[in-house]
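Undergrad: Next up, query-v5.pdb (PDB, C-alpha atoms, pLDDT in the B column).
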```
ATOM      1  CA  MET A1125     -53.652  63.667  23.246  1.00 80.00           C
ATOM      2  CA  CYS A1126     -55.335  61.150  21.094  1.00 81.00           C
ATOM      3  CA  ARG A1127     -52.707  61.793  18.502  1.00 86.00           C
ATOM      4  CA  LEU A1128     -49.985  61.309  21.034  1.00 83.00           C
ATOM      5  CA  VAL A1129     -51.495  58.012  22.192  1.00 87.00           C
ATOM      6  CA  GLY A1130     -51.889  56.945  18.548  1.00 87.00           C
ATOM      7  CA  PHE A1131     -48.296  57.941  17.848  1.00 88.00           C
ATOM      8  CA  LEU A1132     -47.011  56.069  20.899  1.00 88.00           C
ATOM      9  CA  LEU A1133     -49.156  53.061  20.038  1.00 89.00           C
ATOM     10  CA  GLY A1134     -47.839  53.140  16.456  1.00 90.00           C
ATOM     11  CA  VAL A1135     -44.232  53.498  17.545  1.00 92.00           C
ATOM     12  CA  THR A1136     -44.632  50.738  20.119  1.00 93.00           C
ATOM     13  CA  SER A1137     -46.308  48.373  17.674  1.00 94.00           C
ATOM     14  CA  ALA A1138     -43.720  49.157  14.975  1.00 94.00           C
ATOM     15  CA  GLY A1139     -40.941  48.616  17.509  1.00 93.00           C
ATOM     16  CA  ALA A1140     -42.549  45.350  18.643  1.00 95.00           C
ATOM     17  CA  PHE A1141     -42.911  44.104  15.057  1.00 95.00           C
ATOM     18  CA  GLY A1142     -39.347  45.171  14.327  1.00 94.00           C
ATOM     19  CA  PHE A1143     -38.108  43.394  17.448  1.00 96.00           C
ATOM     20  CA  VAL A1144     -40.050  40.231  16.537  1.00 96.00           C
ATOM     21  CA  TYR A1145     -38.626  40.427  13.008  1.00 96.00           C
ATOM     22  CA  LEU A1146     -35.093  40.796  14.384  1.00 97.00           C
ATOM     23  CA  ILE A1147     -35.624  37.838  16.747  1.00 97.00           C
ATOM     24  CA  GLU A1148     -36.870  35.679  13.853  1.00 97.00           C
ATOM     25  CA  GLU A1149     -33.926  36.694  11.661  1.00 97.00           C
ATOM     26  CA  TYR A1150     -31.559  36.022  14.550  1.00 97.00           C
ATOM     27  CA  GLN A1151     -33.070  32.548  15.033  1.00 97.00           C
ATOM     28  CA  LYS A1152     -32.791  31.816  11.290  1.00 97.00           C
ATOM     29  CA  ALA A1153     -29.186  32.985  11.249  1.00 97.00           C
ATOM     30  CA  THR A1154     -28.418  30.968  14.376  1.00 97.00           C
ATOM     31  CA  GLY A1155     -30.013  27.895  12.771  1.00 96.00           C
ATOM     32  CA  LEU A1156     -27.910  28.392   9.636  1.00 97.00           C
ATOM     33  CA  VAL A1157     -24.765  28.788  11.720  1.00 97.00           C
ATOM     34  CA  LEU A1158     -25.586  25.628  13.696  1.00 97.00           C
ATOM     35  CA  SER A1159     -26.218  23.643  10.514  1.00 97.00           C
ATOM     36  CA  SER A1160     -22.949  24.967   9.085  1.00 97.00           C
ATOM     37  CA  VAL A1161     -21.156  23.942  12.270  1.00 97.00           C
ATOM     38  CA  ASP A1162     -22.711  20.460  12.022  1.00 97.00           C
ATOM     39  CA  GLU A1163     -21.612  20.159   8.390  1.00 97.00           C
ATOM     40  CA  LEU A1164     -18.160  21.375   9.334  1.00 97.00           C
ATOM     41  CA  GLU A1165     -17.990  18.790  12.116  1.00 97.00           C
ATOM     42  CA  LYS A1166     -19.029  16.024   9.718  1.00 97.00           C
ATOM     43  CA  SER A1167     -16.459  17.206   7.185  1.00 98.00           C
ATOM     44  CA  SER A1168     -13.744  17.336   9.820  1.00 98.00           C
ATOM     45  CA  LEU A1169     -14.609  13.773  10.909  1.00 97.00           C
ATOM     46  CA  LYS A1170     -14.309  12.638   7.291  1.00 98.00           C
ATOM     47  CA  VAL A1171     -10.969  14.406   7.005  1.00 98.00           C
ATOM     48  CA  LYS A1172      -9.794  12.710  10.216  1.00 98.00           C
ATOM     49  CA  GLU A1173     -10.826   9.318   8.803  1.00 98.00           C
ATOM     50  CA  TYR A1174      -8.956  10.037   5.568  1.00 98.00           C
ATOM     51  CA  VAL A1175      -5.910  11.126   7.537  1.00 98.00           C
ATOM     52  CA  LYS A1176      -6.007   7.862   9.516  1.00 98.00           C
ATOM     53  CA  LYS A1177      -6.291   5.882   6.285  1.00 98.00           C
ATOM     54  CA  ILE A1178      -3.408   7.827   4.743  1.00 98.00           C
ATOM     55  CA  GLU A1179      -1.277   7.249   7.838  1.00 98.00           C
ATOM     56  CA  ALA A1180      -2.079   3.524   7.693  1.00 98.00           C
ATOM     57  CA  VAL A1181      -1.110   3.408   4.014  1.00 98.00           C
ATOM     58  CA  GLU A1182       2.084   5.335   4.736  1.00 97.00           C
ATOM     59  CA  SER A1183       3.033   2.946   7.535  1.00 96.00           C
ATOM     60  CA  ASP A1184       2.301  -0.044   5.275  1.00 95.00           C
ATOM     61  CA  LEU A1185       4.375   1.571   2.537  1.00 95.00           C
ATOM     62  CA  ALA A1186       7.231   2.115   4.975  1.00 93.00           C
ATOM     63  CA  LYS A1187       7.056  -1.565   5.970  1.00 92.00           C
ATOM     64  CA  VAL A1188       7.054  -2.619   2.317  1.00 90.00           C
ATOM     65  CA  ARG A1189      10.011  -0.363   1.583  1.00 87.00           C
ATOM     66  CA  ALA A1190      11.871  -1.787   4.580  1.00 86.00           C
ATOM     67  CA  ASN A1191      11.200  -5.358   3.456  1.00 85.00           C
ATOM     68  CA  SER A1192      11.726  -4.867  -0.272  1.00 85.00           C
ATOM     69  CA  ALA A1193      14.999  -5.224  -2.087  1.00 83.00           C
ATOM     70  CA  THR A1194      16.748  -2.296  -3.688  1.00 86.00           C
ATOM     71  CA  ILE A1195      17.884  -2.269  -7.297  1.00 88.00           C
ATOM     72  CA  GLN A1196      21.461  -2.810  -6.136  1.00 91.00           C
ATOM     73  CA  GLN A1197      20.410  -5.786  -4.009  1.00 89.00           C
ATOM     74  CA  LEU A1198      18.529  -7.273  -6.965  1.00 90.00           C
ATOM     75  CA  ALA A1199      21.522  -6.753  -9.243  1.00 92.00           C
ATOM     76  CA  GLN A1200      23.790  -8.385  -6.650  1.00 94.00           C
ATOM     77  CA  ALA A1201      21.395 -11.332  -6.265  1.00 94.00           C
ATOM     78  CA  LYS A1202      21.234 -11.708 -10.050  1.00 95.00           C
ATOM     79  CA  ALA A1203      25.028 -11.668 -10.309  1.00 97.00           C
ATOM     80  CA  ASP A1204      25.307 -14.207  -7.477  1.00 97.00           C
ATOM     81  CA  TRP A1205      22.734 -16.434  -9.158  1.00 97.00           C
ATOM     82  CA  ARG A1206      24.629 -16.280 -12.468  1.00 97.00           C
ATOM     83  CA  LYS A1207      27.875 -17.062 -10.665  1.00 98.00           C
ATOM     84  CA  GLN A1208      26.325 -20.070  -8.917  1.00 98.00           C
ATOM     85  CA  SER A1209      24.765 -21.214 -12.180  1.00 98.00           C
ATOM     86  CA  ASP A1210      28.151 -20.989 -13.918  1.00 97.00           C
ATOM     87  CA  ILE A1211      29.788 -22.929 -11.077  1.00 97.00           C
ATOM     88  CA  LEU A1212      27.124 -25.648 -11.261  1.00 97.00           C
ATOM     89  CA  THR A1213      27.447 -25.867 -15.040  1.00 97.00           C
ATOM     90  CA  ARG A1214      31.228 -26.121 -14.805  1.00 98.00           C
ATOM     91  CA  ASP A1215      30.996 -28.765 -12.054  1.00 97.00           C
ATOM     92  CA  HIS A1216      28.454 -30.705 -14.109  1.00 98.00           C
ATOM     93  CA  LEU A1217      30.729 -30.661 -17.143  1.00 97.00           C
ATOM     94  CA  GLU A1218      33.718 -31.698 -15.025  1.00 97.00           C
ATOM     95  CA  LEU A1219      31.746 -34.606 -13.556  1.00 97.00           C
ATOM     96  CA  LYS A1220      30.528 -35.586 -16.997  1.00 96.00           C
ATOM     97  CA  ALA A1221      34.111 -35.572 -18.292  1.00 96.00           C
ATOM     98  CA  HIS A1222      35.248 -37.591 -15.270  1.00 96.00           C
ATOM     99  CA  VAL A1223      32.491 -40.171 -15.840  1.00 95.00           C
ATOM    100  CA  TRP A1224      33.468 -40.369 -19.506  1.00 94.00           C
ATOM    101  CA  GLU A1225      37.109 -40.986 -18.519  1.00 93.00           C
ATOM    102  CA  ILE A1226      36.025 -43.719 -16.115  1.00 93.00           C
ATOM    103  CA  GLU A1227      33.891 -45.284 -18.852  1.00 90.00           C
ATOM    104  CA  GLN A1228      36.892 -45.218 -21.166  1.00 91.00           C
ATOM    105  CA  ASP A1229      39.009 -46.917 -18.507  1.00 87.00           C
ATOM    106  CA  VAL A1230      36.345 -49.492 -17.602  1.00 86.00           C
ATOM    107  CA  ASP A1231      35.207 -50.401 -21.133  1.00 82.00           C
ATOM    108  CA  PRO A1232      38.381 -52.269 -22.112  1.00 81.00           C
ATOM    109  CA  VAL A1233      38.357 -54.160 -18.820  1.00 77.00           C
ATOM    110  CA  LEU A1234      34.709 -55.142 -19.241  1.00 74.00           C
ATOM    111  CA  ASN A1235      35.268 -56.127 -22.853  1.00 74.00           C
ATOM    112  CA  ARG A1236      38.170 -58.391 -21.844  1.00 72.00           C
ATOM    113  CA  ALA A1237      36.163 -59.945 -19.046  1.00 64.00           C
ATOM    114  CA  SER A1238      33.163 -60.571 -21.281  1.00 66.00           C
ATOM    115  CA  SER A1239      35.328 -62.021 -24.043  1.00 66.00           C
ATOM    116  CA  LYS A1240      37.046 -64.376 -21.529  1.00 65.00           C
ATOM    117  CA  SER A1241      33.704 -65.564 -20.247  1.00 64.00           C
ATOM    118  CA  LYS A1242      32.519 -66.157 -23.805  1.00 64.00           C
ATOM    119  CA  LYS A1243      35.654 -68.165 -24.551  1.00 64.00           C
ATOM    120  CA  GLN A1244      35.165 -70.270 -21.462  1.00 63.00           C
ATOM    121  CA  ASN A1245      31.605 -71.111 -22.394  1.00 57.00           C
TER     122      ASN A1245
END
```
The structure given in the file should be rewritten as structure tokens.

TA:
Amino acid sequence: MCRLVGFLLGVTSAGAFGFVYLIEEYQKATGLVLSSVDELEKSSLKVKEYVKKIEAVESDLAKVRANSATIQQLAQAKADWRKQSDILTRDHLELKAHVWEIEQDVDPVLNRASSKSKKQN
């Protein structure tokens, strides 16, 4: 009987130590899983922040694209500017020619008037 009690005591103590070992391993594994979940949560928060930043940049880019001119619009504006510049240059030259004609018409009159006043003095 002593052997039976020793056997039962040995089996019970081995079972108890095995159970304690399993509980400790379970707690370690649970701790590792919880830390992994915490890291995953932190990573997912970072990803959410990056997604928000990307969405903000995309919306800003869409606004910039909506407000920016296209290549065709720039080419049209350039052509319009050249056309207006040509018109202004032509008008300037026409006015300059007109002023020159007026000077040619006025010069003889002024010369006669100044020569008459010189003769009278």

Undergrad: CA of Arg1206 (chain A) to CA of Asn1191 (chain A): how many Å, to one decimal?

TA: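 A separation of 23.5 Å between them.
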
Undergrad: Mind giving me the straight-line distance from CA of Leu1212 (chain A) to CA of Trp1224 (chain A) in Å, one decimal?

TA: 18.0 Å

Undergrad: So how far away is CA of Val1171 (chain A) from CA of Asp1184 (chain A), in Å?

TA: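 Taking CA of Asp1184 (chain A) and CA of Val1171 (chain A), their separation equals 19.7 Å.
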
Undergrad: Since the input lacks atoms, please generate N, CA and C atoms for region 1165-1179 of chain A and provide them as a PDB file, in the coordinates of the input.

TA:
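File rebuild_3.pdb, as written:
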```
ATOM      1  N   GLU A1165     -18.396  19.891  11.235  1.00 97.00           N
ATOM      2  CA  GLU A1165     -17.990  18.790  12.116  1.00 97.00           C
ATOM      3  C   GLU A1165     -17.965  17.469  11.352  1.00 97.00           C
ATOM      4  N   LYS A1166     -18.997  17.243  10.533  1.00 97.00           N
ATOM      5  CA  LYS A1166     -19.029  16.024   9.718  1.00 97.00           C
ATOM      6  C   LYS A1166     -17.850  15.995   8.745  1.00 97.00           C
ATOM      7  N   SER A1167     -17.583  17.130   8.122  1.00 98.00           N
ATOM      8  CA  SER A1167     -16.459  17.206   7.185  1.00 98.00           C
ATOM      9  C   SER A1167     -15.132  16.970   7.894  1.00 98.00           C
ATOM     10  N   SER A1168     -15.002  17.531   9.082  1.00 98.00           N
ATOM     11  CA  SER A1168     -13.744  17.336   9.820  1.00 98.00           C
ATOM     12  C   SER A1168     -13.586  15.884  10.248  1.00 98.00           C
ATOM     13  N   LEU A1169     -14.688  15.201  10.581  1.00 97.00           N
ATOM     14  CA  LEU A1169     -14.609  13.773  10.909  1.00 97.00           C
ATOM     15  C   LEU A1169     -14.178  12.965   9.687  1.00 97.00           C
ATOM     16  N   LYS A1170     -14.724  13.326   8.516  1.00 98.00           N
ATOM     17  CA  LYS A1170     -14.309  12.638   7.291  1.00 98.00           C
ATOM     18  C   LYS A1170     -12.830  12.863   7.020  1.00 98.00           C
ATOM     19  N   VAL A1171     -12.386  14.094   7.216  1.00 98.00           N
ATOM     20  CA  VAL A1171     -10.969  14.406   7.005  1.00 98.00           C
ATOM     21  C   VAL A1171     -10.112  13.609   7.976  1.00 98.00           C
ATOM     22  N   LYS A1172     -10.546  13.499   9.231  1.00 98.00           N
ATOM     23  CA  LYS A1172      -9.794  12.710  10.216  1.00 98.00           C
ATOM     24  C   LYS A1172      -9.713  11.249   9.791  1.00 98.00           C
ATOM     25  N   GLU A1173     -10.833  10.705   9.278  1.00 98.00           N
ATOM     26  CA  GLU A1173     -10.826   9.318   8.803  1.00 98.00           C
ATOM     27  C   GLU A1173      -9.854   9.156   7.640  1.00 98.00           C
ATOM     28  N   TYR A1174      -9.874  10.106   6.704  1.00 98.00           N
ATOM     29  CA  TYR A1174      -8.956  10.037   5.568  1.00 98.00           C
ATOM     30  C   TYR A1174      -7.509  10.139   6.029  1.00 98.00           C
ATOM     31  N   VAL A1175      -7.271  10.986   7.011  1.00 98.00           N
ATOM     32  CA  VAL A1175      -5.910  11.126   7.537  1.00 98.00           C
ATOM     33  C   VAL A1175      -5.457   9.813   8.165  1.00 98.00           C
ATOM     34  N   LYS A1176      -6.352   9.155   8.915  1.00 98.00           N
ATOM     35  CA  LYS A1176      -6.007   7.862   9.516  1.00 98.00           C
ATOM     36  C   LYS A1176      -5.703   6.834   8.436  1.00 98.00           C
ATOM     37  N   LYS A1177      -6.527   6.823   7.381  1.00 98.00           N
ATOM     38  CA  LYS A1177      -6.291   5.882   6.285  1.00 98.00           C
ATOM     39  C   LYS A1177      -4.959   6.172   5.599  1.00 98.00           C
ATOM     40  N   ILE A1178      -4.675   7.444   5.384  1.00 98.00           N
ATOM     41  CA  ILE A1178      -3.408   7.827   4.743  1.00 98.00           C
ATOM     42  C   ILE A1178      -2.234   7.429   5.618  1.00 98.00           C
ATOM     43  N   GLU A1179      -2.355   7.642   6.928  1.00 98.00           N
ATOM     44  CA  GLU A1179      -1.277   7.249   7.838  1.00 98.00           C
ATOM     45  C   GLU A1179      -1.080   5.741   7.821  1.00 98.00           C
TER      46      GLU A1179
END
```
